[in-house]
>>> print(open('data_8.csv').read())   # CSV, C-alpha atoms
chain,number,residue,atom,x,y,z
D,1,MET,CA,64.4,57.2,18.8
D,2,LYS,CA,64.1,56.6,15.0
D,3,ILE,CA,61.4,55.4,12.6
D,4,LYS,CA,61.1,54.8,8.9
D,5,ALA,CA,57.9,55.9,7.2
D,6,GLY,CA,57.7,55.0,3.5
D,7,GLU,CA,60.8,56.6,1.8
D,8,SER,CA,61.4,58.9,4.8
D,9,THR,CA,63.0,58.6,8.2
D,10,LEU,CA,62.4,60.5,11.4
D,11,VAL,CA,65.0,60.8,14.1
D,12,PHE,CA,64.4,62.3,17.5
D,13,ASP,CA,67.3,64.0,19.3
D,14,ASN,CA,65.8,64.1,22.7
D,15,GLU,CA,68.7,66.1,24.3
D,16,ASN,CA,67.9,69.0,22.0
D,17,GLY,CA,64.2,68.4,21.5
D,18,ILE,CA,64.6,68.1,17.7
D,19,VAL,CA,62.9,65.7,15.2
D,20,ILE,CA,65.0,65.5,12.0
D,21,LEU,CA,63.0,64.5,8.9
D,22,GLU,CA,64.7,63.1,5.8
D,23,GLY,CA,63.8,61.7,2.4
D,24,SER,CA,60.4,61.7,0.6
D,25,MET,CA,57.2,61.5,2.7
D,26,ARG,CA,54.3,60.7,0.5
D,27,LEU,CA,52.2,58.1,2.4
D,28,ALA,CA,48.8,57.2,1.0
D,29,ASN,CA,46.4,58.6,3.6
D,30,LEU,CA,45.9,59.9,7.2
D,31,MET,CA,45.8,56.3,8.6
D,32,GLU,CA,49.2,55.5,7.1
D,33,TYR,CA,50.5,58.8,8.7
D,34,ASP,CA,49.5,57.5,12.2
D,35,VAL,CA,53.0,56.2,12.6
D,36,VAL,CA,54.4,59.7,12.0
D,37,LYS,CA,51.7,61.3,14.2
D,38,ASN,CA,52.4,59.0,17.1
D,39,PHE,CA,56.2,59.5,16.8
D,40,ILE,CA,56.1,63.3,16.8
D,41,LYS,CA,53.5,63.3,19.6
D,42,GLN,CA,55.7,61.0,21.8
D,43,ALA,CA,58.8,63.2,21.0
D,44,TYR,CA,56.8,66.3,21.9
D,45,ASP,CA,55.7,64.8,25.2
D,46,GLU,CA,59.3,64.2,26.1
D,47,THR,CA,60.3,67.8,25.3
D,48,ASN,CA,60.0,70.8,27.7
D,49,ILE,CA,60.6,74.3,26.4
D,50,PHE,CA,61.2,74.2,22.6
D,51,PHE,CA,60.2,71.4,20.2
D,52,THR,CA,61.9,71.7,16.8
D,53,LEU,CA,60.7,70.0,13.5
D,54,ASP,CA,63.7,70.1,11.1
D,55,PHE,CA,62.2,69.6,7.6
D,56,ARG,CA,65.4,70.8,5.7
D,57,ASN,CA,66.2,67.4,4.3
D,58,LEU,CA,62.7,66.4,3.5
D,59,ILE,CA,62.5,66.6,-0.3
D,60,PHE,CA,58.7,66.0,-0.6
D,61,LEU,CA,55.7,66.1,1.7
D,62,ASN,CA,52.3,65.4,0.3
D,63,SER,CA,49.0,67.0,1.4
D,64,SER,CA,48.1,64.1,3.7
D,65,GLY,CA,51.5,64.9,5.4
D,66,ILE,CA,50.8,68.6,5.6
D,67,THR,CA,47.4,67.7,7.1
D,68,THR,CA,49.1,65.4,9.7
D,69,PHE,CA,51.5,68.0,10.8
D,70,SER,CA,48.8,70.7,10.8
D,71,MET,CA,46.6,68.5,13.1
D,72,PHE,CA,49.6,67.9,15.4
D,73,ILE,CA,50.2,71.6,15.8
D,74,LEU,CA,46.5,72.3,16.5
D,75,SER,CA,46.4,69.4,19.1
D,76,VAL,CA,49.5,70.7,21.0
D,77,LYS,CA,48.4,74.3,20.8
D,78,LYS,CA,45.7,73.5,23.4
D,79,LEU,CA,48.3,72.0,25.8
D,80,ASN,CA,50.1,75.2,26.4
D,81,LYS,CA,53.4,73.2,26.8
D,82,ALA,CA,56.5,73.4,24.6
D,83,ARG,CA,56.6,76.0,21.9
D,84,ILE,CA,57.2,74.8,18.3
D,85,LYS,CA,60.0,75.7,16.0
D,86,ILE,CA,60.1,74.8,12.3
D,87,LEU,CA,63.2,74.7,10.2
D,88,GLY,CA,63.0,74.7,6.4
D,89,SER,CA,65.2,75.2,3.4
D,90,LYS,CA,64.6,77.9,0.7
D,91,GLU,CA,66.3,75.5,-1.8
D,92,ILE,CA,63.3,73.1,-1.6
D,93,SER,CA,60.3,74.9,-3.0
D,94,TRP,CA,57.5,73.0,-1.2
D,95,GLN,CA,59.1,74.1,2.1
D,96,GLU,CA,59.4,77.7,1.0
D,97,LYS,CA,55.7,77.7,-0.2
D,98,SER,CA,53.9,75.6,2.4
D,99,LEU,CA,55.8,75.5,5.7
D,100,ASN,CA,54.4,79.0,6.6
D,101,ASN,CA,50.9,77.4,6.7
D,102,PHE,CA,51.8,76.1,10.2
D,103,ASN,CA,52.1,79.5,11.5
D,104,LYS,CA,48.5,80.3,10.4
D,105,LEU,CA,47.3,77.6,12.8
D,106,TRP,CA,49.2,78.9,15.8
D,107,ASN,CA,50.9,82.3,15.8
D,108,ASP,CA,53.5,81.1,18.3
D,109,VAL,CA,55.0,78.6,15.8
D,110,GLU,CA,58.4,80.0,14.9
D,111,ILE,CA,59.4,79.3,11.3
D,112,THR,CA,62.9,79.8,9.9
D,113,ILE,CA,63.5,79.2,6.2
D,114,SER,CA,67.1,79.7,5.3
A,1,MET,CA,24.5,63.0,-20.7
A,2,LYS,CA,25.6,66.3,-19.3
A,3,THR,CA,29.1,67.9,-19.4
A,4,GLU,CA,30.2,70.6,-17.0
A,5,ILE,CA,33.1,73.0,-17.1
A,6,ILE,CA,34.4,74.5,-13.9
A,7,GLY,CA,37.2,77.1,-13.5
A,8,ASP,CA,40.0,77.7,-15.9
A,9,PHE,CA,39.7,74.9,-18.6
A,10,ASN,CA,41.2,74.7,-22.1
A,11,LEU,CA,43.0,78.1,-21.7
A,12,ILE,CA,45.5,77.2,-24.5
A,13,PRO,CA,44.1,77.8,-28.0
A,14,GLU,CA,43.6,74.5,-29.9
A,15,GLY,CA,46.3,73.9,-32.5
A,16,LEU,CA,49.1,75.8,-30.6
A,17,PRO,CA,52.1,73.5,-30.8
A,18,ALA,CA,53.5,72.4,-27.4
A,19,GLU,CA,57.3,72.5,-26.7
A,20,GLY,CA,57.1,69.2,-24.9
A,21,VAL,CA,54.5,66.5,-24.7
A,22,VAL,CA,54.3,63.6,-22.2
A,23,HIS,CA,51.3,61.2,-22.5
A,24,LEU,CA,50.8,58.3,-20.0
A,25,ASP,CA,48.1,55.8,-19.6
A,26,LEU,CA,48.0,54.3,-16.1
A,27,LYS,CA,45.7,51.9,-14.1
A,28,PRO,CA,44.5,53.0,-10.7
A,29,ILE,CA,45.0,49.5,-9.4
A,30,ASP,CA,48.7,49.6,-10.2
A,31,LEU,CA,49.1,52.9,-8.3
A,32,ILE,CA,47.2,51.7,-5.3
A,33,THR,CA,49.0,48.3,-5.2
A,34,TYR,CA,52.4,50.1,-5.2
A,35,TRP,CA,51.6,53.6,-3.8
A,36,ARG,CA,55.2,54.8,-4.5
A,37,ARG,CA,54.4,54.7,-8.2
A,38,CYS,CA,52.5,58.0,-7.7
A,39,GLY,CA,55.7,59.6,-6.5
A,40,GLN,CA,57.8,57.9,-9.2
A,41,THR,CA,55.5,59.2,-11.9
A,42,SER,CA,55.6,62.7,-10.4
A,43,ASN,CA,59.4,62.7,-10.2
A,44,PHE,CA,59.6,61.5,-13.8
A,45,ILE,CA,57.4,64.3,-15.1
A,46,ALA,CA,59.3,66.9,-13.1
A,47,ASN,CA,62.6,65.5,-14.2
A,48,PHE,CA,61.5,65.5,-17.9
A,49,TYR,CA,60.6,69.2,-17.8
A,50,LYS,CA,63.5,70.5,-15.5
A,51,LEU,CA,65.7,70.8,-18.6
A,52,THR,CA,63.5,73.7,-19.9
A,53,SER,CA,64.0,75.9,-16.8
A,54,LYS,CA,67.0,77.5,-15.3
A,55,ASP,CA,65.3,77.8,-11.9
A,56,THR,CA,65.9,74.4,-10.2
A,57,LYS,CA,63.0,75.0,-7.8
A,58,ASN,CA,60.5,74.3,-10.5
A,59,GLU,CA,61.4,70.6,-10.4
A,60,ASN,CA,60.3,70.3,-6.8
A,61,SER,CA,57.1,72.3,-7.4
A,62,VAL,CA,56.1,70.4,-10.6
A,63,SER,CA,56.6,67.1,-8.8
A,64,THR,CA,54.6,68.3,-5.8
A,65,VAL,CA,51.7,69.7,-7.8
A,66,PHE,CA,51.6,66.6,-10.2
A,67,ASN,CA,51.7,64.2,-7.2
A,68,GLU,CA,48.6,65.7,-5.7
A,69,LEU,CA,46.7,65.1,-8.9
A,70,ILE,CA,47.9,61.6,-9.5
A,71,GLU,CA,47.2,60.6,-5.9
A,72,ASN,CA,43.7,61.9,-6.2
A,73,ALA,CA,43.2,60.0,-9.5
A,74,ALA,CA,44.5,56.8,-7.8
A,75,LYS,CA,42.3,57.2,-4.8
A,76,TYR,CA,39.0,58.3,-6.4
A,77,SER,CA,38.9,56.2,-9.6
A,78,THR,CA,36.6,53.3,-10.1
A,79,LYS,CA,39.3,50.6,-9.6
A,80,ARG,CA,40.1,47.9,-12.0
A,81,GLU,CA,38.0,48.7,-15.1
A,82,SER,CA,39.1,52.3,-15.5
A,83,GLU,CA,42.1,54.2,-16.8
A,84,ILE,CA,44.0,57.3,-15.7
A,85,THR,CA,45.1,59.4,-18.7
A,86,VAL,CA,47.9,61.9,-18.1
A,87,ASP,CA,48.9,64.7,-20.5
A,88,VAL,CA,51.6,67.2,-19.6
A,89,LYS,CA,52.5,69.8,-22.2
A,90,LEU,CA,54.8,72.8,-22.1
A,91,TYR,CA,53.8,76.1,-23.7
A,92,ASN,CA,56.7,78.6,-23.3
A,93,THR,CA,56.7,79.1,-19.5
A,94,GLN,CA,53.3,77.5,-18.9
A,95,LEU,CA,53.1,73.8,-18.1
A,96,LEU,CA,49.6,72.3,-18.6
A,97,ILE,CA,49.1,69.2,-16.4
A,98,GLN,CA,46.0,67.3,-17.3
A,99,VAL,CA,44.8,64.2,-15.5
A,100,LYS,CA,41.7,62.3,-16.5
A,101,ASN,CA,40.0,59.5,-14.7
A,102,THR,CA,36.6,57.8,-14.1
A,103,CYS,CA,34.8,57.9,-10.8
A,104,ASN,CA,31.4,57.1,-9.3
A,105,SER,CA,28.7,59.7,-8.5
A,106,THR,CA,29.7,60.2,-4.9
A,107,ASN,CA,33.3,61.1,-5.8
A,108,TYR,CA,32.0,63.2,-8.7
A,109,LYS,CA,29.8,65.2,-6.4
A,110,SER,CA,32.5,65.8,-3.8
A,111,LEU,CA,35.0,66.8,-6.5
A,112,LYS,CA,32.5,69.2,-8.0
A,113,ASN,CA,31.6,70.8,-4.7
A,114,ARG,CA,35.2,71.0,-3.6
A,115,LEU,CA,36.3,72.8,-6.9
A,116,ILE,CA,33.4,75.3,-6.7
A,117,LYS,CA,34.2,76.1,-3.1
A,118,LEU,CA,37.9,76.5,-3.9
A,119,LEU,CA,37.3,78.8,-6.8
A,120,GLU,CA,34.7,80.9,-5.1
A,121,THR,CA,36.5,81.4,-1.8
A,122,GLU,CA,38.3,84.7,-1.4
A,123,ASP,CA,40.4,83.7,1.6
A,124,LEU,CA,42.1,80.4,1.0
A,125,ASP,CA,44.2,80.7,4.1
A,126,GLN,CA,41.0,80.9,6.2
A,127,LEU,CA,39.6,77.8,4.4
A,128,TYR,CA,42.8,75.9,5.2
A,129,LEU,CA,42.4,76.9,8.9
A,130,GLU,CA,38.8,75.8,8.9
A,131,ASP,CA,39.5,72.5,7.1
A,132,MET,CA,42.2,71.7,9.6
A,133,MET,CA,40.1,72.5,12.6
A,134,SER,CA,37.3,70.3,11.3
A,135,LYS,CA,39.7,67.5,10.6
A,136,VAL,CA,41.0,67.5,14.2
A,137,GLU,CA,37.4,66.7,15.3
A,138,GLU,CA,36.5,64.2,12.6
A,139,ASN,CA,39.9,62.7,11.7
A,140,LYS,CA,38.5,62.0,8.2
A,141,SER,CA,40.5,61.3,5.1
A,142,SER,CA,42.6,64.1,3.6
A,143,GLY,CA,41.3,66.1,0.5
A,144,ILE,CA,43.4,69.1,1.0
A,145,GLY,CA,45.6,68.6,-2.0
A,146,LEU,CA,43.8,70.9,-4.4
A,147,LEU,CA,43.6,73.6,-1.8
A,148,ILE,CA,47.3,73.5,-1.2
A,149,ILE,CA,48.1,73.6,-4.9
A,150,LEU,CA,45.8,76.6,-5.5
A,151,LYS,CA,46.9,78.4,-2.4
A,152,ASP,CA,50.6,78.0,-2.3
A,153,TYR,CA,51.6,77.7,-6.0
A,154,ASN,CA,51.3,80.0,-9.0
A,155,VAL,CA,48.6,78.0,-10.8
A,156,LYS,CA,45.2,78.1,-12.4
A,157,ILE,CA,42.8,75.1,-12.0
A,158,GLY,CA,39.9,73.9,-14.0
A,159,ALA,CA,37.9,70.8,-14.7
A,160,LYS,CA,35.6,69.1,-17.1
A,161,LEU,CA,33.1,66.7,-15.6
A,162,GLU,CA,31.3,64.3,-18.1
A,163,GLU,CA,28.4,62.0,-17.2
A,164,LYS,CA,28.7,58.5,-18.6
A,165,GLU,CA,26.6,55.4,-18.7
A,166,GLY,CA,26.1,53.4,-15.5
A,167,GLY,CA,26.3,56.3,-13.1
A,168,LEU,CA,29.9,57.0,-13.8
A,169,TYR,CA,31.7,60.2,-14.6
A,170,ASP,CA,34.9,61.1,-16.5
A,171,THR,CA,36.7,63.9,-14.7
A,172,THR,CA,39.4,65.9,-16.3
A,173,ILE,CA,41.5,68.2,-14.1
A,174,GLN,CA,43.7,70.8,-15.7
A,175,VAL,CA,46.4,72.7,-13.7
A,176,TYR,CA,48.3,75.4,-15.5
A,177,TYR,CA,51.6,75.8,-13.7
A,178,PHE,CA,53.6,78.9,-14.4
A,179,MET,CA,57.4,78.3,-14.4
A,180,GLU,CA,59.1,80.6,-11.9
A,181,GLU,CA,61.4,82.6,-14.2
A,182,GLU,CA,61.2,84.6,-17.3
A,183,ASP,CA,64.0,83.0,-19.3
A,184,THR,CA,63.8,79.5,-20.6
A,185,LEU,CA,66.5,77.7,-22.4
>>> encode(input="data_8.csv", output="structure tokens")
Amino acid sequence: MKIKAGESTLVFDNENGIVILEGSMRLANLMEYDVVKNFIKQAYDETNIFFTLDFRNLIFLNSSGITTFSMFILSVKKLNKARIKILGSKEISWQEKSLNNFNKLWNDVEITIS
Amino acid sequence: MKTEIIGDFNLIPEGLPAEGVVHLDLKPIDLITYWRRCGQTSNFIANFYKLTSKDTKNENSVSTVFNELIENAAKYSTKRESEITVDVKLYNTQLLIQVKNTCNSTNYKSLKNRLIKLLETEDLDQLYLEDMMSKVEENKSSGIGLLIILKDYNVKIGAKLEEKEGGLYDTTIQVYYFMEEEDTL
């Protein structure tokens, strides 16, 4: 499963429950992010134990994007289903600075920035 | 016609020469028609100033911070008749990013209230959590850009809000971004 959103792509590896994000994700507003929200929600629904969001190749994510992923985490927190893992790169400063926000929404979100 | 100053505004003494100046005049309509121009402009600014810093991470940070300001200016300007004025100046390790645009009274009020709340709040993490929880319920448009900049980056933020004729306001946002290293080339 794969989609393009603006200048970014999302690929779902359903065997391993990983969504790999690449490129630059700076869509204009939350409505434009619906395509991303629906994609990760569908991928999450097909995953059982651990669901991983791999941001390491996503060079930019704007605040509408941060809001979209934050809302996703809050929405699946209630489901008590698969746990979430986040992968980030310390070479890309927005990831080092902002990915940890997701853990503030749900303590069980596991964030690895390497 | 009233003028209000909020937060850290005009911190650099007048007359101090900058070590790099970029000035751009943009039209909101051009950014809205081709939204990617916001990102293009942000990357240009970041690319221009990356030569002054040994720490390569500044490029990503400057682009990210600038992008939030230019996206806001594009979204909240009165459309065709207005201009967005951008000035980005480097003073040693401090980058002053200034974005000026014209908006209506509704957007003026929400910007003013937002800035006051951001600058008065002691726990920005808690504000982020509350904002996100309310968004899940309302699914309203974003507006978290300034919070993310202030919370996650080493910056100071201020604004000048000037009333104009016809119920319009000139809003000038200044962000002082501190380059993440002591040595500059």
>>> closest_residue(input="data_8.csv", among="A:Leu96, A:Ile157, A:Ile116, A:Ile32", to="chain D", atoms="all atoms listed in the file")
A:Ile32
>>> residues_around(input="data_8.csv", residues="A:Ala18", least_positions_apart="3", cutoff="10 Å", atoms="all atoms listed in the file", output="PyMOL selection string")
chain A and resi 12+15+21+88-92+94-96
>>> write_last_selection(input="data_8.csv", atoms="C-alpha atoms", output="PDB file, keeping the file's coordinate frame")
ATOM      1  CA  ILE A  12      45.500  77.200 -24.500  1.00  0.00           C
ATOM      2  CA  GLY A  15      46.300  73.900 -32.500  1.00  0.00           C
ATOM      3  CA  VAL A  21      54.500  66.500 -24.700  1.00  0.00           C
ATOM      4  CA  VAL A  88      51.600  67.200 -19.600  1.00  0.00           C
ATOM      5  CA  LYS A  89      52.500  69.800 -22.200  1.00  0.00           C
ATOM      6  CA  LEU A  90      54.800  72.800 -22.100  1.00  0.00           C
ATOM      7  CA  TYR A  91      53.800  76.100 -23.700  1.00  0.00           C
ATOM      8  CA  ASN A  92      56.700  78.600 -23.300  1.00  0.00           C
ATOM      9  CA  GLN A  94      53.300  77.500 -18.900  1.00  0.00           C
ATOM     10  CA  LEU A  95      53.100  73.800 -18.100  1.00  0.00           C
ATOM     11  CA  LEU A  96      49.600  72.300 -18.600  1.00  0.00           C
TER      12      LEU A  96
END
>>> closest_atom_pairs(input="data_8.csv", of="chain D", to="chain A", cutoff="10 Å", atoms="all atoms listed in the file", output="CSV")
residue,atom,partner,partner_atom,distance
D:Gly6,CA,A:Arg36,CA,8.4
D:Glu7,CA,A:Arg36,CA,8.6
D:Ser24,CA,A:Gly39,CA,8.8
D:Met25,CA,A:Gly39,CA,9.5
D:Arg26,CA,A:Gly39,CA,7.2
D:Leu27,CA,A:Trp35,CA,7.7
D:Ala28,CA,A:Trp35,CA,6.6
D:Asn29,CA,A:Ser141,CA,6.7
D:Leu30,CA,A:Ser141,CA,6.0
D:Met31,CA,A:Ser141,CA,8.1
D:Ile59,CA,A:Asn60,CA,7.8
D:Phe60,CA,A:Thr64,CA,7.0
D:Leu61,CA,A:Thr64,CA,7.9
D:Asn62,CA,A:Glu68,CA,7.1
D:Ser63,CA,A:Gly145,CA,5.1
D:Ser64,CA,A:Ser142,CA,5.5
D:Gly65,CA,A:Ser142,CA,9.1
D:Ile66,CA,A:Ile144,CA,8.7
D:Thr67,CA,A:Ser142,CA,6.9
D:Thr68,CA,A:Ser142,CA,9.0
D:Ser70,CA,A:Met132,CA,6.8
D:Met71,CA,A:Val136,CA,5.8
D:Phe72,CA,A:Val136,CA,8.7
D:Leu74,CA,A:Met133,CA,7.5
D:Ser75,CA,A:Val136,CA,7.5
D:Lys90,CA,A:Lys57,CA,9.1
D:Glu91,CA,A:Lys57,CA,6.9
D:Ile92,CA,A:Lys57,CA,6.5
D:Ser93,CA,A:Lys57,CA,5.5
D:Trp94,CA,A:Ser61,CA,6.3
D:Gln95,CA,A:Asn60,CA,9.8
D:Glu96,CA,A:Asp152,CA,9.4
D:Lys97,CA,A:Asp152,CA,5.5
D:Ser98,CA,A:Asp152,CA,6.2
D:Leu99,CA,A:Asp152,CA,9.9
D:Asn100,CA,A:Asp152,CA,9.7
D:Asn101,CA,A:Asp125,CA,7.9
D:Phe102,CA,A:Leu129,CA,9.5
D:Lys104,CA,A:Leu129,CA,7.1
D:Leu105,CA,A:Leu129,CA,6.3
D:Trp106,CA,A:Leu129,CA,9.9
>>> atom_distance(input="data_8.csv", atom1="atom CA of A:Asp25", atom2="atom CA of A:Thr85")
4.8 Å
>>> residues_near_point(input="data_8.csv", point="(37.0, 55.8, -6.9)", cutoff="7 Å", atoms="all atoms listed in the file", output="PyMOL selection string")
chain A and resi 75-79+103-104+107
>>> atom_distance(input="data_8.csv", atom1="atom CA of D:Asp45", atom2="atom CA of D:Asn57")
23.5 Å
>>> atom_distance(input="data_8.csv", atom1="atom CA of A:Asp55", atom2="atom CA of A:Thr172")
28.8 Å
>>> closest_residue(input="data_8.csv", among="A:Asp30, A:Glu165, A:Asp170, A:Glu19", to="A:Tyr49", atoms="all atoms listed in the file")
A:Glu19
>>> residues_around(input="data_8.csv", residues="D:Asn48", least_positions_apart="5", cutoff="9 Å", atoms="all atoms listed in the file", output="list in words")
Gly17, Lys81, Ala82 and Arg83 of chain D
>>> closest_residue(input="data_8.csv", among="A:Tyr108, A:Phe48, A:Tyr169, A:Phe9", to="A:Ser82", atoms="only C-alpha atoms")
A:Tyr169
>>> residues_around(input="data_8.csv", residues="D:Thr112", least_positions_apart="4", cutoff="9 Å", atoms="all atoms listed in the file", output="VMD selection string")
chain D and resid 85 to 89
>>> write_last_selection(input="data_8.csv", atoms="C-alpha atoms", output="mmCIF file, keeping the file's coordinate frame")
data_model
loop_
_atom_site.group_PDB
_atom_site.id
_atom_site.type_symbol
_atom_site.label_atom_id
_atom_site.label_comp_id
_atom_site.auth_asym_id
_atom_site.auth_seq_id
_atom_site.Cartn_x
_atom_site.Cartn_y
_atom_site.Cartn_z
ATOM 1 C CA LYS D 85 60.000 75.700 16.000
ATOM 2 C CA ILE D 86 60.100 74.800 12.300
ATOM 3 C CA LEU D 87 63.200 74.700 10.200
ATOM 4 C CA GLY D 88 63.000 74.700 6.400
ATOM 5 C CA SER D 89 65.200 75.200 3.400
#
>>> decode(input="data_8.csv", residues="stretch 70-85 of chain D", atoms="N, CA, C and O atoms", output="PDB file, in the first residue's frame")
ATOM      1  N   SER D  70      -0.585  13.879  15.738  1.00  0.00           N
ATOM      2  CA  SER D  70      -0.975  13.958  17.154  1.00  0.00           C
ATOM      3  C   SER D  70      -2.406  13.475  17.340  1.00  0.00           C
ATOM      4  O   SER D  70      -2.713  12.722  18.271  1.00  0.00           O
ATOM      5  N   MET D  71      -3.282  13.913  16.443  1.00  0.00           N
ATOM      6  CA  MET D  71      -4.689  13.510  16.541  1.00  0.00           C
ATOM      7  C   MET D  71      -4.850  12.013  16.304  1.00  0.00           C
ATOM      8  O   MET D  71      -5.675  11.351  16.936  1.00  0.00           O
ATOM      9  N   PHE D  72      -4.026  11.468  15.404  1.00  0.00           N
ATOM     10  CA  PHE D  72      -4.054  10.019  15.165  1.00  0.00           C
ATOM     11  C   PHE D  72      -3.670   9.261  16.437  1.00  0.00           C
ATOM     12  O   PHE D  72      -4.336   8.298  16.841  1.00  0.00           O
ATOM     13  N   ILE D  73      -2.602   9.725  17.087  1.00  0.00           N
ATOM     14  CA  ILE D  73      -2.135   9.037  18.300  1.00  0.00           C
ATOM     15  C   ILE D  73      -3.207   9.106  19.394  1.00  0.00           C
ATOM     16  O   ILE D  73      -3.495   8.103  20.061  1.00  0.00           O
ATOM     17  N   LEU D  74      -3.824  10.251  19.552  1.00  0.00           N
ATOM     18  CA  LEU D  74      -4.886  10.367  20.565  1.00  0.00           C
ATOM     19  C   LEU D  74      -6.078   9.475  20.220  1.00  0.00           C
ATOM     20  O   LEU D  74      -6.706   8.903  21.117  1.00  0.00           O
ATOM     21  N   SER D  75      -6.363   9.349  18.924  1.00  0.00           N
ATOM     22  CA  SER D  75      -7.535   8.542  18.550  1.00  0.00           C
ATOM     23  C   SER D  75      -7.288   7.046  18.762  1.00  0.00           C
ATOM     24  O   SER D  75      -8.197   6.318  19.158  1.00  0.00           O
ATOM     25  N   VAL D  76      -6.061   6.568  18.527  1.00  0.00           N
ATOM     26  CA  VAL D  76      -5.811   5.117  18.708  1.00  0.00           C
ATOM     27  C   VAL D  76      -5.487   4.781  20.170  1.00  0.00           C
ATOM     28  O   VAL D  76      -5.604   3.626  20.572  1.00  0.00           O
ATOM     29  N   LYS D  77      -5.109   5.795  20.931  1.00  0.00           N
ATOM     30  CA  LYS D  77      -4.853   5.567  22.363  1.00  0.00           C
ATOM     31  C   LYS D  77      -6.097   4.969  23.030  1.00  0.00           C
ATOM     32  O   LYS D  77      -6.006   4.066  23.868  1.00  0.00           O
ATOM     33  N   LYS D  78      -7.254   5.455  22.612  1.00  0.00           N
ATOM     34  CA  LYS D  78      -8.513   4.994  23.216  1.00  0.00           C
ATOM     35  C   LYS D  78      -8.813   3.531  22.870  1.00  0.00           C
ATOM     36  O   LYS D  78      -9.531   2.856  23.597  1.00  0.00           O
ATOM     37  N   LEU D  79      -8.270   3.068  21.734  1.00  0.00           N
ATOM     38  CA  LEU D  79      -8.637   1.729  21.248  1.00  0.00           C
ATOM     39  C   LEU D  79      -7.976   0.610  22.040  1.00  0.00           C
ATOM     40  O   LEU D  79      -8.452  -0.526  22.034  1.00  0.00           O
ATOM     41  N   ASN D  80      -6.852   0.913  22.664  1.00  0.00           N
ATOM     42  CA  ASN D  80      -6.115  -0.091  23.441  1.00  0.00           C
ATOM     43  C   ASN D  80      -5.754  -1.289  22.565  1.00  0.00           C
ATOM     44  O   ASN D  80      -5.921  -2.443  22.970  1.00  0.00           O
ATOM     45  N   LYS D  81      -5.272  -1.006  21.352  1.00  0.00           N
ATOM     46  CA  LYS D  81      -4.920  -2.079  20.406  1.00  0.00           C
ATOM     47  C   LYS D  81      -3.402  -2.086  20.231  1.00  0.00           C
ATOM     48  O   LYS D  81      -2.685  -2.160  21.229  1.00  0.00           O
ATOM     49  N   ALA D  82      -2.901  -1.947  18.993  1.00  0.00           N
ATOM     50  CA  ALA D  82      -1.446  -1.996  18.778  1.00  0.00           C
ATOM     51  C   ALA D  82      -0.745  -0.809  19.412  1.00  0.00           C
ATOM     52  O   ALA D  82      -1.252   0.308  19.378  1.00  0.00           O
ATOM     53  N   ARG D  83       0.445  -1.066  19.982  1.00  0.00           N
ATOM     54  CA  ARG D  83       1.272   0.021  20.526  1.00  0.00           C
ATOM     55  C   ARG D  83       1.982   0.741  19.372  1.00  0.00           C
ATOM     56  O   ARG D  83       2.157   0.171  18.294  1.00  0.00           O
ATOM     57  N   ILE D  84       2.408   1.970  19.633  1.00  0.00           N
ATOM     58  CA  ILE D  84       3.038   2.761  18.560  1.00  0.00           C
ATOM     59  C   ILE D  84       4.523   2.970  18.823  1.00  0.00           C
ATOM     60  O   ILE D  84       4.931   3.311  19.938  1.00  0.00           O
ATOM     61  N   LYS D  85       5.298   2.736  17.772  1.00  0.00           N
ATOM     62  CA  LYS D  85       6.730   3.049  17.807  1.00  0.00           C
ATOM     63  C   LYS D  85       6.996   4.155  16.781  1.00  0.00           C
ATOM     64  O   LYS D  85       6.440   4.129  15.683  1.00  0.00           O
TER      65      LYS D  85
END
